[in-house]
Amino acid sequence: MTRQIVRSIVLCLLACVIGAQLSRGQEAQDKPLTRDEAKLLKSPVPYTKSSIARGRVLYTNDCTGCHGHDGKAQVDVIADATDLTDPKLWKSGVTEGEIFRSIRDGAGISMPPYKNQIRKSEDLWHLVNFIRSLWPEAQRPKLQEEKQGKDGL
Ligand code: HEC
């Protein structure tokens with residue numbers, strides 16, 4: 001009998017330890033990326049019309065308040081947000097991984113991190129694609145063909 005109790009206590013403790021380990025793993029995943037880590041990231045979501053369209057929906061929901069509908073951030077309602085249409089003015093990097101990082105982890109002092117609102121990293125990549133579609137044509141990535149049933153849509 002006592003042995004059974006001891007066994008259940010040990011099992012409980014074990015479950016606790018494993019649980020703590022698992023949630024620590026989650027935290028590690030949510031840890032902000034360094035700029036160098038971000039530079040190495042490659043987007044798993046191709047730059048296609050449907051990805052840009054999905055990014056546009058997310059952008060309209062979450063980003064227009066500060067960056068404006070056209071991305072130009074001409075009305076400084078809340079903060080001095082970056083003009084997203086001109087990559088020359090950017091401060092936190094213009095590679096796809098760096099843009100991903102700016103959105104996921106925040107940028108500068110007043111760009112908030114979005115990793116808790118936008119949980120699917122695929123959606124963050126759709127946003128990256130949409131934002132690059134606002135750039136001058138010469139600086140945009142080359143539009144890729146849609147693959148049927150792919151792009152996470
Ligand atoms: C609360 C206002 C606010 C909201 C909402 C906001 N931003 Fe920002 N954003 C800023 C500010 C301010 C900066 C400039 C930060 C700095 O000082 O470098 C910025 C910078 C950025 C940058 C980096 C530009 C650079 O200089 O490298 C990107 C990319 C960006 N925002 C995308 C987004 C996207 C996508 C969303 C929606 C998911 C969004 N922002 C929502 C305020 C905001």
# chains A, B, ... in the order shown; residues from 1 in each chain; ligands from 1
>>> closest_atom_pairs(of="chain A", to="ligand 1", cutoff="6 Å", atoms="only C-alpha atoms and all ligand atoms", output="JSON lines")
{"residue": "A:Tyr59", "atom": "CA", "partner": "ligand 1", "partner_atom_place_in_ligand_line": "37 (C)", "distance": 5.4}
{"residue": "A:Asp62", "atom": "CA", "partner": "ligand 1", "partner_atom_place_in_ligand_line": "37 (C)", "distance": 4.6}
{"residue": "A:Cys63", "atom": "CA", "partner": "ligand 1", "partner_atom_place_in_ligand_line": "37 (C)", "distance": 3.5}
{"residue": "A:Gly65", "atom": "CA", "partner": "ligand 1", "partner_atom_place_in_ligand_line": "5 (C)", "distance": 5.6}
{"residue": "A:Cys66", "atom": "CA", "partner": "ligand 1", "partner_atom_place_in_ligand_line": "2 (C)", "distance": 4.3}
{"residue": "A:Ile78", "atom": "CA", "partner": "ligand 1", "partner_atom_place_in_ligand_line": "2 (C)", "distance": 5.9}
{"residue": "A:Ala79", "atom": "CA", "partner": "ligand 1", "partner_atom_place_in_ligand_line": "12 (C)", "distance": 4.8}
{"residue": "A:Asp80", "atom": "CA", "partner": "ligand 1", "partner_atom_place_in_ligand_line": "12 (C)", "distance": 4.7}
{"residue": "A:Ala81", "atom": "CA", "partner": "ligand 1", "partner_atom_place_in_ligand_line": "11 (C)", "distance": 3.5}
{"residue": "A:Thr82", "atom": "CA", "partner": "ligand 1", "partner_atom_place_in_ligand_line": "14 (C)", "distance": 4.9}
{"residue": "A:Trp90", "atom": "CA", "partner": "ligand 1", "partner_atom_place_in_ligand_line": "26 (O)", "distance": 3.4}
{"residue": "A:Lys91", "atom": "CA", "partner": "ligand 1", "partner_atom_place_in_ligand_line": "26 (O)", "distance": 3.7}
{"residue": "A:Ser92", "atom": "CA", "partner": "ligand 1", "partner_atom_place_in_ligand_line": "27 (O)", "distance": 3.4}
{"residue": "A:Gly93", "atom": "CA", "partner": "ligand 1", "partner_atom_place_in_ligand_line": "27 (O)", "distance": 5.0}
{"residue": "A:Ile99", "atom": "CA", "partner": "ligand 1", "partner_atom_place_in_ligand_line": "29 (C)", "distance": 4.9}
{"residue": "A:Ser102", "atom": "CA", "partner": "ligand 1", "partner_atom_place_in_ligand_line": "29 (C)", "distance": 5.2}
{"residue": "A:Ile103", "atom": "CA", "partner": "ligand 1", "partner_atom_place_in_ligand_line": "32 (C)", "distance": 5.3}
{"residue": "A:Ala107", "atom": "CA", "partner": "ligand 1", "partner_atom_place_in_ligand_line": "15 (C)", "distance": 4.9}
{"residue": "A:Gly108", "atom": "CA", "partner": "ligand 1", "partner_atom_place_in_ligand_line": "16 (C)", "distance": 3.6}
{"residue": "A:Ile109", "atom": "CA", "partner": "ligand 1", "partner_atom_place_in_ligand_line": "17 (O)", "distance": 5.4}
{"residue": "A:Ser110", "atom": "CA", "partner": "ligand 1", "partner_atom_place_in_ligand_line": "12 (C)", "distance": 4.5}
{"residue": "A:Met111", "atom": "CA", "partner": "ligand 1", "partner_atom_place_in_ligand_line": "10 (C)", "distance": 3.7}
{"residue": "A:Leu127", "atom": "CA", "partner": "ligand 1", "partner_atom_place_in_ligand_line": "35 (C)", "distance": 5.7}
>>> write_last_selection(atoms="N, CA, C and O atoms", output="short mmCIF file (atom, residue, chain, number, x, y, z; two decimals), in the first residue's frame")
data_model
loop_
_atom_site.label_atom_id
_atom_site.label_comp_id
_atom_site.auth_asym_id
_atom_site.auth_seq_id
_atom_site.Cartn_x
_atom_site.Cartn_y
_atom_site.Cartn_z
N TYR A 59 -2.36 42.39 -42.38
CA TYR A 59 -1.86 43.76 -42.26
C TYR A 59 -3.02 44.70 -41.92
O TYR A 59 -2.91 45.55 -41.03
N ASP A 62 -4.00 44.27 -38.22
CA ASP A 62 -3.07 44.52 -37.11
C ASP A 62 -2.14 45.72 -37.27
O ASP A 62 -1.56 46.16 -36.30
N CYS A 63 -1.95 46.22 -38.47
CA CYS A 63 -0.82 47.13 -38.67
C CYS A 63 -1.19 48.53 -39.13
O CYS A 63 -0.37 49.44 -39.02
N GLY A 65 -3.09 50.80 -38.00
CA GLY A 65 -3.19 51.82 -36.96
C GLY A 65 -1.94 52.68 -36.90
O GLY A 65 -2.03 53.89 -36.70
N CYS A 66 -0.77 52.09 -37.08
CA CYS A 66 0.48 52.85 -37.01
C CYS A 66 1.11 53.08 -38.38
O CYS A 66 1.69 54.14 -38.62
N ILE A 78 0.07 57.25 -33.49
CA ILE A 78 0.50 56.59 -32.25
C ILE A 78 1.99 56.73 -32.03
O ILE A 78 2.45 57.07 -30.95
N ALA A 79 2.74 56.44 -33.06
CA ALA A 79 4.20 56.46 -32.88
C ALA A 79 4.81 56.82 -34.23
O ALA A 79 4.14 56.84 -35.25
N ASP A 80 6.10 57.09 -34.22
CA ASP A 80 6.77 57.44 -35.45
C ASP A 80 7.13 56.15 -36.21
O ASP A 80 8.27 55.72 -36.23
N ALA A 81 6.10 55.56 -36.82
CA ALA A 81 6.31 54.26 -37.47
C ALA A 81 7.03 54.44 -38.81
O ALA A 81 6.93 55.47 -39.46
N THR A 82 7.76 53.39 -39.18
CA THR A 82 8.55 53.41 -40.42
C THR A 82 7.65 53.43 -41.65
O THR A 82 6.62 52.77 -41.68
N TRP A 90 14.75 51.96 -43.74
CA TRP A 90 14.58 50.98 -42.65
C TRP A 90 15.82 50.88 -41.76
O TRP A 90 16.94 51.04 -42.23
N LYS A 91 15.54 50.57 -40.48
CA LYS A 91 16.66 50.51 -39.53
C LYS A 91 16.96 49.10 -39.04
O LYS A 91 18.02 48.85 -38.49
N SER A 92 15.99 48.21 -39.19
CA SER A 92 16.20 46.88 -38.59
C SER A 92 16.42 45.77 -39.61
O SER A 92 16.33 44.59 -39.27
N GLY A 93 16.74 46.17 -40.84
CA GLY A 93 17.11 45.15 -41.82
C GLY A 93 16.02 44.82 -42.81
O GLY A 93 14.84 44.84 -42.48
N ILE A 99 12.98 41.03 -41.58
CA ILE A 99 11.62 41.58 -41.54
C ILE A 99 10.74 40.69 -40.65
O ILE A 99 9.97 41.16 -39.81
N SER A 102 11.51 41.62 -37.17
CA SER A 102 10.91 42.89 -36.75
C SER A 102 9.44 42.71 -36.38
O SER A 102 8.97 43.30 -35.41
N ILE A 103 8.73 41.87 -37.15
CA ILE A 103 7.30 41.69 -36.88
C ILE A 103 7.13 40.75 -35.67
O ILE A 103 6.36 41.02 -34.76
N ALA A 107 10.51 45.97 -33.16
CA ALA A 107 11.68 46.68 -33.70
C ALA A 107 11.80 48.02 -33.02
O ALA A 107 10.79 48.62 -32.61
N GLY A 108 13.04 48.51 -32.88
CA GLY A 108 13.27 49.80 -32.23
C GLY A 108 12.64 49.80 -30.85
O GLY A 108 12.57 48.77 -30.18
N ILE A 109 12.16 50.98 -30.43
CA ILE A 109 11.57 51.07 -29.09
C ILE A 109 10.07 50.84 -29.15
O ILE A 109 9.49 50.24 -28.27
N SER A 110 9.43 51.30 -30.24
CA SER A 110 7.96 51.31 -30.17
C SER A 110 7.23 50.41 -31.15
O SER A 110 6.01 50.46 -31.22
N MET A 111 7.95 49.59 -31.91
CA MET A 111 7.25 48.59 -32.72
C MET A 111 7.01 47.37 -31.84
O MET A 111 7.96 46.73 -31.39
N LEU A 127 2.91 38.07 -44.02
CA LEU A 127 3.06 39.52 -43.79
C LEU A 127 4.35 40.04 -44.43
O LEU A 127 4.38 41.11 -45.03
#
>>> closest_residue(among="A:Lys88, A:Arg101, A:Lys72, A:Arg132", to="Ser51 of chain A", atoms="only C-alpha atoms")
A:Arg132
>>> residues_around(residues="Pro44 of chain A", least_positions_apart="4", cutoff="12 Å", atoms="only C-alpha atoms", output="ChimeraX atom specification")
/A:48,51,96-97,100,121-126,128-129,150-152
>>> residues_around(residues="Asp70 of chain A", least_positions_apart="5", cutoff="10 Å", atoms="only C-alpha atoms", output="NGL selection string")
:A and (60 or 64 or 83-85 or 131 or 134)
